[in-house]
Amino acid sequence: MPTEKHSRPGKKEKAHDAVFKAFFSDAKIAKNYLLNYSPAEIHRYLDFNFFRKCDTAFVSGRFGISFSDVLYETRLMNGALARLLFLFEHKSYLPTVPIYLQLLDYLLQIWEDDIKNKRPLSIIIPVVVYHGEQGWEQKPFADYFAVLPEDWRAFIPNFHYLLTDLSQIPQQVIQAKEESEYLRNLFLALKFARNKQFLKGNWREILTFEGAFYRSDREALLLQTLTFYIIKISKMEATEIKELKKQLPEPTRKVIEIAREIFGDEIPKFVKDEWEKKALRKGHKKGRQEGRQEGRQETTQDFTIKIIQKFPDWSDAEVAGFVGVTPEYVQQVRLIIAEQKSQ
């Protein structure tokens, strides 16, 4: 197997990975993707009553291709075990190495896991979501072999993968899929991730979710992650963020303002009031100032804990880079999590 080491992803790449994993780790969103972006002959055979995310980790980034991946376990209507492998390619350019090599690597690891756990071999459907600037050319694996006699094509592995190339899907088509719920927001953000003017002009639409959304902490984290993602990739200044935030409906503002990392020192009044109540209860002479500082740390801490729990395989440096804190701070938060589990 190749031993070449590939460079670690930069901040933008990690932001792409994080927002993809955050959304596609939600089973409802994954189901909506299959219903809205896969052929009927695929999703009509799936038993959506048995549909769960697998936490098994596989090696990514070999053969010069670097994916974010999310794996689901489901069954076909006839009872056969099936796996759905969602892969996200975040590069702005097309991979130079045939994607089939990376997919084969994934497939073999999944089948090896089946054998290790004494399961029948899974039927695996790889799903590739791509948001680069160039259109993705999907062609058979055999076409990558030069001067291949037609009779010899039978010796080349022959399998397929589902492709969603956001560069080729019109904006109107994404917006028209109202039943896809939050997937519509994510795909608009990914499609125009390199277009700051579009993000600024469509900020309200991308970050506006249905009312039921705000009743779930899990989904509130999706909104925070999507907001943080847009700010990071577009390198918005504080003045831009302040102005754009005014365009958002009140429920959205309340959800995303909880994450101080997004809005810096511009703390909403209802958060300030809570900090001051805590300070008064402590009775410190400088309670108001200390209470503000404590509340600010707790807000950062809560968001850091959520990211650690959402992406347990991330290093301290990766979590710190995404949240906007130091690796030492992440280490402290991990200790707090460990203490809470031991109690």
# chains A, B, ... in the order shown; residues from 1 in each chain; ligands from 1
$ residues_around --residues "Ile124 (chain A)" --least-positions-apart "4" --cutoff "10 Å" --atoms "only C-alpha atoms" --output "PyMOL selection string"
chain A and resi 71-73+81-85+106-107+110-111+161
$ select_by_dssp --residues "region 7-195 of chain A" --states "alpha helix (DSSP H)" --output "ChimeraX atom specification"
/A:11-24,27-37,40-43,99-116,171-176,182-191
$ atom_distance --atom1 "CA of His131 (chain A)" --atom2 "CA of Leu94 (chain A)"
9.9 Å
$ residues_around --residues "Ser234 (chain A)" --least-positions-apart "2" --cutoff "10 Å" --atoms "only C-alpha atoms" --output "PDB file with C-alpha atoms, in the first residue's frame"
ATOM      1  CA  LYS A  12     -10.659  26.017   5.544  1.00  0.00           C
ATOM      2  CA  ALA A 193     -18.388  28.484  -0.254  1.00  0.00           C
ATOM      3  CA  ARG A 194     -15.899  30.387  -2.428  1.00  0.00           C
ATOM      4  CA  ASN A 195     -18.294  33.199  -3.308  1.00  0.00           C
ATOM      5  CA  LYS A 196     -18.262  35.712  -0.456  1.00  0.00           C
ATOM      6  CA  GLN A 197     -20.648  38.077  -2.199  1.00  0.00           C
ATOM      7  CA  LEU A 199     -22.904  34.352   1.097  1.00  0.00           C
ATOM      8  CA  LYS A 200     -23.351  37.975   2.159  1.00  0.00           C
ATOM      9  CA  TYR A 229     -18.434  27.661   8.866  1.00  0.00           C
ATOM     10  CA  ILE A 230     -19.672  30.557   6.729  1.00  0.00           C
ATOM     11  CA  ILE A 231     -17.826  33.127   8.829  1.00  0.00           C
ATOM     12  CA  LYS A 232     -14.586  31.151   8.692  1.00  0.00           C
ATOM     13  CA  MET A 236     -15.895  38.035   7.556  1.00  0.00           C
ATOM     14  CA  GLU A 237     -14.875  40.999   9.667  1.00  0.00           C
TER      15      GLU A 237
END
$ closest_residue --among "A:Glu181, A:Phe322, A:Phe187, A:Arg62" --to "Ile233 (chain A)" --atoms "only C-alpha atoms"
A:Phe322
$ atom_distance --atom1 "CA of Leu87 (chain A)" --atom2 "CA of Gly201 (chain A)"
29.0 Å
$ atom_distance --atom1 "CA of Lys245 (chain A)" --atom2 "CA of Arg204 (chain A)"
8.4 Å
$ closest_residue --among "A:Ala317, A:Val325, A:Leu335, A:Leu183" --to "Asn32 (chain A)" --atoms "only C-alpha atoms"
A:Leu183
$ select_by_dssp --residues "region 17-189 of chain A" --states "strand (DSSP E or B)" --output "PyMOL selection string"
chain A and resi 46-54+67-76+81-89+123-130+162-165
$ write_last_selection --atoms "N, CA and C atoms" --output "tab-separated table (two decimals), in the first residue's frame"
chain	number	residue	atom	x	y	z
A	46	LEU	N	-34.51	0.52	0.47
A	46	LEU	CA	-33.94	0.68	1.81
A	46	LEU	C	-35.03	0.63	2.87
A	47	ASP	N	-34.72	-0.05	3.97
A	47	ASP	CA	-35.60	-0.08	5.12
A	47	ASP	C	-35.20	1.05	6.07
A	48	PHE	N	-35.86	2.19	5.97
A	48	PHE	CA	-35.48	3.36	6.76
A	48	PHE	C	-35.84	3.21	8.24
A	49	ASN	N	-36.59	2.16	8.59
A	49	ASN	CA	-36.86	1.91	10.00
A	49	ASN	C	-35.63	1.37	10.71
A	50	PHE	N	-34.69	0.84	9.94
A	50	PHE	CA	-33.41	0.40	10.50
A	50	PHE	C	-32.32	1.19	9.79
A	51	PHE	N	-31.92	2.27	10.42
A	51	PHE	CA	-31.00	3.19	9.77
A	51	PHE	C	-30.21	3.89	10.87
A	52	ARG	N	-28.95	3.52	11.05
A	52	ARG	CA	-28.16	4.07	12.15
A	52	ARG	C	-26.73	4.33	11.71
A	53	LYS	N	-26.16	5.33	12.32
A	53	LYS	CA	-24.78	5.72	12.01
A	53	LYS	C	-23.81	4.76	12.67
A	54	CYS	N	-22.76	4.39	11.94
A	54	CYS	CA	-21.69	3.54	12.48
A	54	CYS	C	-20.53	4.41	12.93
A	67	PHE	N	-10.78	12.50	2.01
A	67	PHE	CA	-12.22	12.59	2.18
A	67	PHE	C	-12.59	12.78	3.65
A	68	SER	N	-13.72	13.42	3.88
A	68	SER	CA	-14.45	13.26	5.14
A	68	SER	C	-15.43	12.13	4.89
A	69	ASP	N	-15.62	11.27	5.88
A	69	ASP	CA	-16.51	10.14	5.65
A	69	ASP	C	-17.46	9.93	6.81
A	70	VAL	N	-18.66	9.48	6.48
A	70	VAL	CA	-19.68	9.11	7.46
A	70	VAL	C	-20.31	7.81	6.96
A	71	LEU	N	-20.42	6.82	7.85
A	71	LEU	CA	-20.92	5.51	7.45
A	71	LEU	C	-22.22	5.19	8.18
A	72	TYR	N	-23.20	4.71	7.42
A	72	TYR	CA	-24.48	4.29	8.00
A	72	TYR	C	-24.70	2.80	7.73
A	73	GLU	N	-25.40	2.19	8.66
A	73	GLU	CA	-25.79	0.79	8.53
A	73	GLU	C	-27.30	0.74	8.37
A	74	THR	N	-27.76	-0.02	7.41
A	74	THR	CA	-29.19	-0.15	7.18
A	74	THR	C	-29.46	-1.56	6.64
A	75	ARG	N	-30.67	-1.78	6.24
A	75	ARG	CA	-31.03	-3.06	5.62
A	75	ARG	C	-31.86	-2.81	4.38
A	76	LEU	N	-31.80	-3.75	3.48
A	76	LEU	CA	-32.70	-3.72	2.33
A	76	LEU	C	-34.04	-4.30	2.75
A	81	LEU	N	-28.05	-6.98	4.90
A	81	LEU	CA	-27.32	-5.87	5.52
A	81	LEU	C	-26.71	-4.99	4.44
A	82	ALA	N	-26.83	-3.70	4.62
A	82	ALA	CA	-26.27	-2.75	3.65
A	82	ALA	C	-25.56	-1.63	4.40
A	83	ARG	N	-24.53	-1.07	3.77
A	83	ARG	CA	-23.83	0.08	4.33
A	83	ARG	C	-23.89	1.22	3.30
A	84	LEU	N	-24.07	2.43	3.82
A	84	LEU	CA	-24.06	3.63	2.99
A	84	LEU	C	-22.89	4.47	3.42
A	85	LEU	N	-21.93	4.63	2.53
A	85	LEU	CA	-20.70	5.36	2.84
A	85	LEU	C	-20.77	6.74	2.20
A	86	PHE	N	-20.97	7.77	3.03
A	86	PHE	CA	-21.04	9.14	2.53
A	86	PHE	C	-19.64	9.74	2.57
A	87	LEU	N	-19.15	10.17	1.41
A	87	LEU	CA	-17.82	10.74	1.30
A	87	LEU	C	-17.93	12.17	0.79
A	88	PHE	N	-17.12	13.03	1.37
A	88	PHE	CA	-17.15	14.44	0.97
A	88	PHE	C	-15.77	14.86	0.49
A	89	GLU	N	-15.68	15.32	-0.75
A	89	GLU	CA	-14.43	15.83	-1.32
A	89	GLU	C	-14.52	17.34	-1.34
A	123	ILE	N	-23.52	-5.07	1.63
A	123	ILE	CA	-23.69	-4.39	0.35
A	123	ILE	C	-23.37	-2.92	0.61
A	124	ILE	N	-22.43	-2.36	-0.12
A	124	ILE	CA	-21.97	-1.00	0.16
A	124	ILE	C	-22.27	-0.09	-1.02
A	125	ILE	N	-22.90	1.03	-0.73
A	125	ILE	CA	-23.13	2.05	-1.74
A	125	ILE	C	-22.31	3.28	-1.37
A	126	PRO	N	-21.22	3.56	-2.11
A	126	PRO	CA	-20.46	4.79	-1.85
A	126	PRO	C	-21.19	6.00	-2.43
A	127	VAL	N	-21.24	7.06	-1.66
A	127	VAL	CA	-21.88	8.31	-2.09
A	127	VAL	C	-20.84	9.42	-2.00
A	128	VAL	N	-20.55	10.08	-3.10
A	128	VAL	CA	-19.56	11.15	-3.13
A	128	VAL	C	-20.27	12.49	-3.31
A	129	VAL	N	-20.03	13.40	-2.37
A	129	VAL	CA	-20.54	14.77	-2.47
A	129	VAL	C	-19.34	15.67	-2.75
A	130	TYR	N	-19.41	16.42	-3.83
A	130	TYR	CA	-18.28	17.23	-4.28
A	130	TYR	C	-18.72	18.67	-4.48
A	162	LEU	N	-22.47	6.72	-6.25
A	162	LEU	CA	-23.39	7.82	-6.48
A	162	LEU	C	-22.64	9.14	-6.33
A	163	LEU	N	-22.91	10.07	-7.20
A	163	LEU	CA	-22.21	11.35	-7.20
A	163	LEU	C	-23.19	12.51	-7.11
A	164	THR	N	-22.92	13.42	-6.18
A	164	THR	CA	-23.62	14.70	-6.14
A	164	THR	C	-22.58	15.78	-6.35
A	165	ASP	N	-22.55	16.33	-7.54
A	165	ASP	CA	-21.60	17.38	-7.91
A	165	ASP	C	-22.33	18.71	-7.79
